[in-house]
>>> print(open('query05.tsv').read())   # TSV, C-alpha atoms and all ligand atoms
chain	number	residue	atom	x	y	z
A	1	MET	CA	-11.70	5.35	-0.57
A	2	ASP	CA	-10.03	2.27	-2.07
A	3	LYS	CA	-6.30	2.07	-1.62
A	4	ILE	CA	-4.10	2.52	-4.68
A	5	ARG	CA	-2.88	-0.80	-6.06
A	6	PHE	CA	0.86	-0.24	-6.27
A	7	ALA	CA	3.60	-2.31	-7.91
A	8	THR	CA	7.29	-2.12	-8.72
A	9	VAL	CA	9.06	-4.17	-11.37
A	10	TRP	CA	12.73	-4.93	-11.95
A	11	LEU	CA	13.79	-5.52	-15.56
A	12	ALA	CA	17.43	-5.17	-16.73
A	13	GLY	CA	18.80	-2.88	-14.05
A	14	CYS	CA	21.17	-3.15	-11.11
A	15	SER	CA	18.37	-2.74	-8.52
A	16	GLY	CA	19.91	0.60	-7.52
A	17	CYS	CA	16.62	2.33	-8.33
A	18	HIS	CA	14.85	-0.01	-5.93
A	19	MET	CA	17.56	0.69	-3.33
A	20	SER	CA	16.80	4.39	-3.73
A	21	PHE	CA	13.12	3.58	-3.24
A	22	LEU	CA	14.09	1.99	0.10
A	23	ASP	CA	15.90	5.24	0.95
A	24	LEU	CA	12.44	6.74	1.42
A	25	ASP	CA	12.91	5.37	4.95
A	26	GLU	CA	10.07	6.32	7.30
A	27	TRP	CA	7.95	7.71	4.44
A	28	LEU	CA	7.61	4.09	3.32
A	29	ILE	CA	5.43	3.60	6.39
A	30	ASP	CA	3.14	6.44	5.26
A	31	LEU	CA	3.13	4.96	1.77
A	32	ALA	CA	2.28	1.50	3.06
A	33	GLN	CA	-0.80	2.96	4.76
A	34	GLN	CA	-2.03	4.49	1.52
A	35	VAL	CA	-1.38	1.70	-0.99
A	36	ASP	CA	-1.77	-2.02	-1.40
A	37	VAL	CA	1.55	-3.39	-2.64
A	38	VAL	CA	0.35	-5.97	-5.14
A	39	TYR	CA	3.68	-6.87	-6.78
A	40	SER	CA	7.32	-5.97	-6.06
A	41	PRO	CA	10.75	-7.58	-5.75
A	42	VAL	CA	11.05	-5.61	-2.50
A	43	GLY	CA	9.24	-7.14	0.44
A	44	SER	CA	6.80	-9.29	-1.49
A	45	ASP	CA	6.87	-12.77	-2.93
A	46	ILE	CA	3.98	-12.50	-5.39
A	47	LYS	CA	4.89	-14.46	-8.53
A	48	GLU	CA	2.27	-13.28	-11.03
A	49	TYR	CA	1.77	-9.64	-11.97
A	50	PRO	CA	-1.88	-8.99	-11.06
A	51	GLN	CA	-4.74	-7.30	-12.89
A	52	ASN	CA	-5.93	-3.75	-12.18
A	53	VAL	CA	-2.73	-2.15	-10.95
A	54	ASP	CA	-3.01	1.62	-10.51
A	55	VAL	CA	0.66	2.66	-10.39
A	56	CYS	CA	3.81	0.75	-11.30
A	57	LEU	CA	7.46	1.79	-11.12
A	58	VAL	CA	9.41	-0.05	-13.83
A	59	GLU	CA	13.18	-0.21	-13.28
A	60	GLY	CA	15.60	-1.26	-16.00
A	61	GLY	CA	15.86	-1.61	-19.74
A	62	VAL	CA	14.27	-4.36	-21.81
A	63	ALA	CA	17.12	-6.80	-22.47
A	64	ASN	CA	15.71	-10.30	-22.82
A	65	GLU	CA	12.57	-12.30	-23.56
A	66	ASP	CA	11.58	-12.44	-19.88
A	67	ASN	CA	11.80	-8.65	-19.57
A	68	LEU	CA	9.70	-8.27	-22.70
A	69	GLU	CA	7.00	-10.70	-21.60
A	70	LEU	CA	6.71	-9.12	-18.15
A	71	LEU	CA	6.64	-5.57	-19.50
A	72	LEU	CA	3.83	-6.36	-21.96
A	73	LYS	CA	1.84	-7.85	-19.09
A	74	VAL	CA	2.57	-4.83	-16.89
A	75	ARG	CA	1.37	-2.46	-19.59
A	76	GLN	CA	-1.80	-4.39	-20.19
A	77	ARG	CA	-2.67	-4.46	-16.49
A	78	THR	CA	-1.48	-1.04	-15.26
A	79	LYS	CA	-3.09	2.39	-15.42
A	80	THR	CA	-0.05	4.58	-14.72
A	81	LEU	CA	3.32	3.18	-15.74
A	82	ILE	CA	6.38	5.08	-14.53
A	83	SER	CA	9.65	4.62	-16.40
A	84	PHE	CA	11.81	4.51	-13.28
A	85	GLY	CA	15.45	5.53	-13.59
A	86	ASP	CA	17.88	6.08	-16.45
A	87	CYS	CA	18.01	2.42	-17.52
A	88	ALA	CA	14.25	2.43	-18.05
A	89	VAL	CA	14.25	5.88	-19.69
A	90	THR	CA	17.28	5.51	-22.01
A	91	ALA	CA	18.57	1.90	-21.63
A	92	ASN	CA	21.65	3.47	-19.98
A	93	VAL	CA	24.07	0.86	-18.58
A	94	PRO	CA	22.51	-2.35	-19.95
A	95	GLY	CA	22.22	-0.54	-23.31
A	96	MET	CA	26.01	-0.26	-23.51
A	97	ARG	CA	26.04	-3.73	-25.03
A	98	ASN	CA	24.13	-2.37	-28.04
A	99	MET	CA	27.40	-1.05	-29.48
A	100	LEU	CA	28.51	-4.64	-30.10
A	101	GLY	CA	25.73	-4.91	-32.65
A	102	GLY	CA	23.46	-7.72	-31.47
A	103	ALA	CA	22.91	-10.61	-29.08
A	104	GLU	CA	25.29	-13.07	-30.74
A	105	PRO	CA	28.42	-10.87	-30.59
A	106	VAL	CA	27.60	-10.07	-26.94
A	107	LEU	CA	27.38	-13.75	-26.02
A	108	LYS	CA	30.51	-14.62	-28.01
A	109	ARG	CA	32.46	-11.83	-26.35
A	110	GLY	CA	31.33	-12.76	-22.82
A	111	TYR	CA	31.33	-16.54	-22.98
A	112	LEU	CA	33.92	-17.44	-25.64
A	113	GLU	CA	36.51	-14.72	-26.22
A	114	LEU	CA	36.88	-13.72	-22.57
A	115	ALA	CA	36.55	-17.22	-21.09
A	116	GLU	CA	39.62	-18.59	-19.35
A	117	HIS	CA	38.19	-22.10	-18.90
A	118	SER	CA	35.59	-24.17	-20.74
A	119	PRO	CA	34.32	-21.56	-23.20
A	120	GLN	CA	30.76	-22.32	-24.19
A	121	LEU	CA	27.64	-20.37	-25.03
A	122	PRO	CA	24.77	-20.55	-22.53
A	123	HIS	CA	21.95	-22.50	-24.09
A	124	ALA	CA	19.19	-23.67	-21.81
A	125	PRO	CA	15.82	-22.95	-23.43
A	126	GLY	CA	13.16	-22.16	-20.84
A	127	ILE	CA	15.79	-21.56	-18.14
A	128	VAL	CA	18.13	-18.89	-19.46
A	129	PRO	CA	16.06	-16.16	-21.15
A	130	GLU	CA	17.14	-15.33	-24.70
A	131	LEU	CA	18.75	-11.94	-25.14
A	132	LEU	CA	16.99	-9.45	-27.39
A	133	GLU	CA	19.14	-8.12	-30.23
A	134	GLN	CA	19.18	-4.67	-28.61
A	135	VAL	CA	18.43	-3.42	-25.10
A	136	LEU	CA	15.50	-1.02	-25.39
A	137	PRO	CA	14.21	1.72	-23.12
A	138	VAL	CA	10.74	0.98	-21.78
A	139	HIS	CA	8.95	3.57	-23.93
A	140	GLN	CA	10.25	1.95	-27.13
A	141	VAL	CA	8.27	-1.16	-26.22
A	142	VAL	CA	5.12	0.18	-24.54
A	143	PRO	CA	3.59	3.61	-23.87
A	144	VAL	CA	4.69	5.29	-20.64
A	145	GLU	CA	2.74	7.85	-18.60
A	146	ILE	CA	5.62	9.27	-16.50
A	147	TYR	CA	9.40	9.45	-17.01
A	148	MET	CA	11.48	9.63	-13.84
A	149	PRO	CA	15.19	9.86	-14.78
A	150	GLY	CA	18.13	9.44	-12.45
A	151	CYS	CA	20.78	6.83	-11.83
A	152	PRO	CA	19.22	6.22	-9.45
A	153	PRO	CA	16.45	8.78	-8.99
A	154	PRO	CA	16.97	10.23	-5.51
A	155	ALA	CA	14.42	9.31	-2.86
A	156	ASP	CA	13.07	12.89	-2.77
A	157	ARG	CA	12.27	12.68	-6.49
A	158	ILE	CA	10.51	9.36	-6.01
A	159	ARG	CA	8.43	10.81	-3.20
A	160	ALA	CA	7.64	13.98	-5.16
A	161	THR	CA	6.44	11.78	-8.03
A	162	LEU	CA	4.32	9.45	-5.93
A	163	GLU	CA	2.68	11.98	-3.61
A	164	PRO	CA	0.50	13.64	-6.30
A	165	LEU	CA	-0.47	10.21	-7.63
A	166	LEU	CA	-1.69	9.26	-4.17
A	167	ARG	CA	-3.97	12.32	-4.33
A	168	GLY	CA	-5.20	11.28	-7.76
A	169	GLU	CA	-3.13	13.96	-9.54
A	170	MET	CA	-0.34	13.73	-12.08
A	171	PRO	CA	3.11	14.88	-10.90
A	172	VAL	CA	4.80	17.77	-12.71
A	173	MET	CA	8.08	16.34	-14.00
A	174	GLU	CA	9.88	19.63	-14.58
A	175	GLY	CA	13.04	21.29	-13.33
A	176	ARG	CA	16.38	20.00	-12.15
A	177	ASP	CA	14.97	18.32	-9.06
A	178	MET	CA	12.63	16.13	-11.12
A	179	ILE	CA	14.25	15.39	-14.47
A	180	LYS	CA	18.01	15.35	-14.01
A	181	PHE	CA	19.77	12.32	-15.54
A	182	GLY	CA	22.62	10.53	-13.83
A	201	LIG	S1	19.33	3.70	-13.51
A	201	LIG	FE1	21.27	3.43	-12.44
A	201	LIG	S2	20.67	2.77	-10.38
A	201	LIG	FE2	18.87	2.46	-11.72
A	201	LIG	S3	19.03	0.34	-12.44
A	201	LIG	FE3	20.08	1.62	-13.96
A	201	LIG	S4	22.24	1.61	-13.36
A	201	LIG	FE4	21.06	0.90	-11.60
>>> encode(input="query05.tsv", output="structure tokens", more="lines below")
Ligand code: SF4
Amino acid sequence: MDKIRFATVWLAGCSGCHMSFLDLDEWLIDLAQQVDVVYSPVGSDIKEYPQNVDVCLVEGGVANEDNLELLLKVRQRTKTLISFGDCAVTANVPGMRNMLGGAEPVLKRGYLELAEHSPQLPHAPGIVPELLEQVLPVHQVVPVEIYMPGCPPPADRIRATLEPLLRGEMPVMEGRDMIKFG
């Protein structure tokens, strides 16, 4: 049987969800024997998201043009997309900037009003990705197959989500152990 082509992606999040993934400890060795890791910020240096990915964990909200471009590519090339953690599911922490009402007030607040020295707006097209007006949860941009809340989702929840997928089954995301936020 072909191994599952497995990926993880980091959008606008703190990487805490990926740290929780690493908390799977020795089960990561079992996982590594059952999947090909084809893209991930953890333990891989692959620059381009590949074609024909079976399962992808997407951490973080969609906050800037780079996030948006990568997520559209991920969706196009992935069979089962998992919205991984509260930032992906609800926009959560990065979404707190939405209350300021848009990208420009956020930049002004951060780089002008709060600057102690040399206030200036970051403007480096092609280097600094442009902020989107609002930070969006993943499902408001692309369809999602599985929602895995948690800030971060505990390692047991990650394992309980991935194990059925490795058997070719969909996980049952029900009950406190699987769908608790925070
Ligand atoms: S859900 Fe929590 S742990 Fe995960 S990226 Fe967001 S803030 Fe970090």
>>> closest_residue(input="query05.tsv", among="A:Gly95, A:Gly168, A:Gly85, A:Pro122", to="Leu136 (chain A)", atoms="only C-alpha atoms")
A:Gly95
>>> closest_atom_pairs(input="query05.tsv", of="region 54-173 of chain A", to="region 4-14 of chain A", cutoff="7 Å", atoms="only C-alpha atoms", output="CSV")
residue,atom,partner,partner_atom,distance
A:Asp54,CA,A:Arg5,CA,5.1
A:Val55,CA,A:Phe6,CA,5.0
A:Cys56,CA,A:Ala7,CA,4.6
A:Leu57,CA,A:Thr8,CA,4.6
A:Val58,CA,A:Val9,CA,4.8
A:Glu59,CA,A:Trp10,CA,4.9
A:Gly60,CA,A:Gly13,CA,4.1
A:Gly61,CA,A:Ala12,CA,4.9
A:Val62,CA,A:Ala12,CA,6.0
A:Ala63,CA,A:Ala12,CA,6.0
A:Asn67,CA,A:Leu11,CA,5.5
A:Cys87,CA,A:Gly13,CA,6.4
A:Pro94,CA,A:Ala12,CA,6.6
>>> residues_around(input="query05.tsv", residues="region 147-152 of chain A", least_positions_apart="4", cutoff="9 Å", atoms="all atoms listed in the file", output="VMD selection string")
chain A and resid 16 to 20 81 to 90 92 157 to 158 161 173 178 to 182
>>> closest_residue(input="query05.tsv", among="A:Leu70, A:Val37, A:Leu165, A:Met96", to="ligand LIG 201 (chain A)", atoms="only C-alpha atoms and all ligand atoms")
A:Met96
>>> residues_around(input="query05.tsv", residues="Asp156 (chain A)", least_positions_apart="6", cutoff="10 Å", atoms="all atoms listed in the file", output="number ranges by chain")
A: 20-21, 23-24, 162, 177-178
>>> axis_aligned_box(input="query05.tsv", around="region 154-159 of chain A", padding_each_side="6 Å", output="AutoDock Vina command-line options")
--center_x 12.7 --center_y 11.1 --center_z -4.6 --size_x 20.5 --size_y 15.6 --size_z 15.7
>>> closest_atom_pairs(input="query05.tsv", of="region 66-142 of chain A", to="region 45-53 of chain A", cutoff="12 Å", atoms="all atoms listed in the file", output="Markdown table")
| residue | atom | partner | partner_atom | distance |
| --- | --- | --- | --- | --- |
| A:Glu69 | CA | A:Tyr49 | CA | 11.0 |
| A:Leu70 | CA | A:Tyr49 | CA | 7.9 |
| A:Leu71 | CA | A:Tyr49 | CA | 9.8 |
| A:Leu72 | CA | A:Tyr49 | CA | 10.7 |
| A:Lys73 | CA | A:Tyr49 | CA | 7.3 |
| A:Val74 | CA | A:Tyr49 | CA | 6.9 |
| A:Arg75 | CA | A:Val53 | CA | 9.6 |
| A:Gln76 | CA | A:Gln51 | CA | 8.4 |
| A:Arg77 | CA | A:Gln51 | CA | 5.0 |
| A:Thr78 | CA | A:Val53 | CA | 4.6 |
| A:Lys79 | CA | A:Val53 | CA | 6.4 |
| A:Thr80 | CA | A:Val53 | CA | 8.2 |
| A:Leu81 | CA | A:Val53 | CA | 9.4 |
>>> closest_residue(input="query05.tsv", among="A:Ala155, A:Leu132, A:Ile146, A:Leu114", to="ligand LIG 201 (chain A)", atoms="all atoms listed in the file")
A:Ala155
>>> atom_distance(input="query05.tsv", atom1="atom FE3 of ligand LIG 201 (chain A)", atom2="CA of Ser15 (chain A)")
7.2 Å
>>> decode(input="query05.tsv", residues="region 64-75 of chain A", atoms="all heavy atoms", output="mmCIF file, in the first residue's frame")
data_model
loop_
_atom_site.group_PDB
_atom_site.id
_atom_site.type_symbol
_atom_site.label_atom_id
_atom_site.label_comp_id
_atom_site.auth_asym_id
_atom_site.auth_seq_id
_atom_site.Cartn_x
_atom_site.Cartn_y
_atom_site.Cartn_z
ATOM 1 N N ASN A 64 -2.284 37.472 5.719
ATOM 2 C CA ASN A 64 -1.592 38.295 4.714
ATOM 3 C C ASN A 64 -1.585 37.595 3.348
ATOM 4 O O ASN A 64 -2.060 36.462 3.208
ATOM 5 C CB ASN A 64 -0.165 38.640 5.178
ATOM 6 C CG ASN A 64 0.701 37.396 5.348
ATOM 7 O OD1 ASN A 64 0.623 36.460 4.564
ATOM 8 N ND2 ASN A 64 1.525 37.386 6.388
ATOM 9 N N GLU A 65 -1.055 38.299 2.364
ATOM 10 C CA GLU A 65 -1.089 37.782 0.986
ATOM 11 C C GLU A 65 -0.339 36.462 0.853
ATOM 12 O O GLU A 65 -0.736 35.595 0.086
ATOM 13 C CB GLU A 65 -0.483 38.821 0.024
ATOM 14 C CG GLU A 65 -1.270 40.112 -0.089
ATOM 15 C CD GLU A 65 -2.574 39.942 -0.871
ATOM 16 O OE1 GLU A 65 -2.777 38.892 -1.485
ATOM 17 O OE2 GLU A 65 -3.404 40.864 -0.824
ATOM 18 N N ASP A 66 0.745 36.296 1.604
ATOM 19 C CA ASP A 66 1.495 35.032 1.537
ATOM 20 C C ASP A 66 0.663 33.872 2.066
ATOM 21 O O ASP A 66 0.644 32.779 1.485
ATOM 22 C CB ASP A 66 2.787 35.133 2.352
ATOM 23 C CG ASP A 66 3.898 35.835 1.605
ATOM 24 O OD1 ASP A 66 3.614 36.381 0.517
ATOM 25 O OD2 ASP A 66 5.037 35.856 2.104
ATOM 26 N N ASN A 67 -0.023 34.118 3.207
ATOM 27 C CA ASN A 67 -0.899 33.077 3.769
ATOM 28 C C ASN A 67 -1.956 32.674 2.750
ATOM 29 O O ASN A 67 -2.236 31.489 2.548
ATOM 30 C CB ASN A 67 -1.631 33.580 5.011
ATOM 31 C CG ASN A 67 -0.753 33.937 6.182
ATOM 32 O OD1 ASN A 67 -1.169 34.692 7.055
ATOM 33 N ND2 ASN A 67 0.472 33.432 6.235
ATOM 34 N N LEU A 68 -2.542 33.692 2.112
ATOM 35 C CA LEU A 68 -3.632 33.449 1.164
ATOM 36 C C LEU A 68 -3.148 32.625 -0.035
ATOM 37 O O LEU A 68 -3.770 31.637 -0.418
ATOM 38 C CB LEU A 68 -4.195 34.794 0.699
ATOM 39 C CG LEU A 68 -5.375 34.756 -0.250
ATOM 40 C CD1 LEU A 68 -6.565 34.053 0.388
ATOM 41 C CD2 LEU A 68 -5.772 36.178 -0.666
ATOM 42 N N GLU A 69 -2.021 33.019 -0.579
ATOM 43 C CA GLU A 69 -1.476 32.317 -1.755
ATOM 44 C C GLU A 69 -1.161 30.857 -1.408
ATOM 45 O O GLU A 69 -1.505 29.933 -2.153
ATOM 46 C CB GLU A 69 -0.214 33.051 -2.215
ATOM 47 C CG GLU A 69 0.358 32.532 -3.499
ATOM 48 C CD GLU A 69 1.664 33.237 -3.858
ATOM 49 O OE1 GLU A 69 1.824 34.427 -3.515
ATOM 50 O OE2 GLU A 69 2.521 32.580 -4.459
ATOM 51 N N LEU A 70 -0.530 30.657 -0.244
ATOM 52 C CA LEU A 70 -0.168 29.283 0.139
ATOM 53 C C LEU A 70 -1.418 28.449 0.391
ATOM 54 O O LEU A 70 -1.515 27.300 -0.056
ATOM 55 C CB LEU A 70 0.727 29.313 1.387
ATOM 56 C CG LEU A 70 1.117 27.948 1.966
ATOM 57 C CD1 LEU A 70 1.810 27.066 0.924
ATOM 58 C CD2 LEU A 70 2.016 28.116 3.192
ATOM 59 N N LEU A 71 -2.405 29.032 1.084
ATOM 60 C CA LEU A 71 -3.606 28.263 1.398
ATOM 61 C C LEU A 71 -4.359 27.852 0.134
ATOM 62 O O LEU A 71 -4.861 26.718 0.040
ATOM 63 C CB LEU A 71 -4.522 29.071 2.328
ATOM 64 C CG LEU A 71 -5.817 28.362 2.731
ATOM 65 C CD1 LEU A 71 -5.532 27.051 3.468
ATOM 66 C CD2 LEU A 71 -6.684 29.267 3.589
ATOM 67 N N LEU A 72 -4.433 28.737 -0.852
ATOM 68 C CA LEU A 72 -5.125 28.377 -2.098
ATOM 69 C C LEU A 72 -4.405 27.222 -2.794
ATOM 70 O O LEU A 72 -5.036 26.304 -3.328
ATOM 71 C CB LEU A 72 -5.216 29.595 -3.023
ATOM 72 C CG LEU A 72 -6.110 30.737 -2.507
ATOM 73 C CD1 LEU A 72 -6.044 31.943 -3.434
ATOM 74 C CD2 LEU A 72 -7.562 30.285 -2.331
ATOM 75 N N LYS A 73 -3.084 27.256 -2.733
ATOM 76 C CA LYS A 73 -2.299 26.159 -3.321
ATOM 77 C C LYS A 73 -2.532 24.861 -2.548
ATOM 78 O O LYS A 73 -2.714 23.783 -3.137
ATOM 79 C CB LYS A 73 -0.819 26.559 -3.272
ATOM 80 C CG LYS A 73 0.058 25.787 -4.211
ATOM 81 C CD LYS A 73 1.490 26.278 -4.149
ATOM 82 C CE LYS A 73 1.685 27.573 -4.923
ATOM 83 N NZ LYS A 73 3.102 27.991 -4.935
ATOM 84 N N VAL A 74 -2.528 24.973 -1.224
ATOM 85 C CA VAL A 74 -2.756 23.789 -0.380
ATOM 86 C C VAL A 74 -4.104 23.156 -0.722
ATOM 87 O O VAL A 74 -4.227 21.942 -0.900
ATOM 88 C CB VAL A 74 -2.697 24.179 1.120
ATOM 89 C CG1 VAL A 74 -3.233 23.062 2.005
ATOM 90 C CG2 VAL A 74 -1.270 24.529 1.519
ATOM 91 N N ARG A 75 -5.124 24.000 -0.827
ATOM 92 C CA ARG A 75 -6.464 23.469 -1.107
ATOM 93 C C ARG A 75 -6.530 22.752 -2.455
ATOM 94 O O ARG A 75 -7.102 21.671 -2.586
ATOM 95 C CB ARG A 75 -7.478 24.609 -1.054
ATOM 96 C CG ARG A 75 -8.904 24.230 -1.336
ATOM 97 C CD ARG A 75 -9.514 23.274 -0.316
ATOM 98 N NE ARG A 75 -9.098 21.879 -0.424
ATOM 99 C CZ ARG A 75 -9.519 20.931 0.384
ATOM 100 N NH1 ARG A 75 -10.344 21.197 1.371
ATOM 101 N NH2 ARG A 75 -9.106 19.685 0.235
#
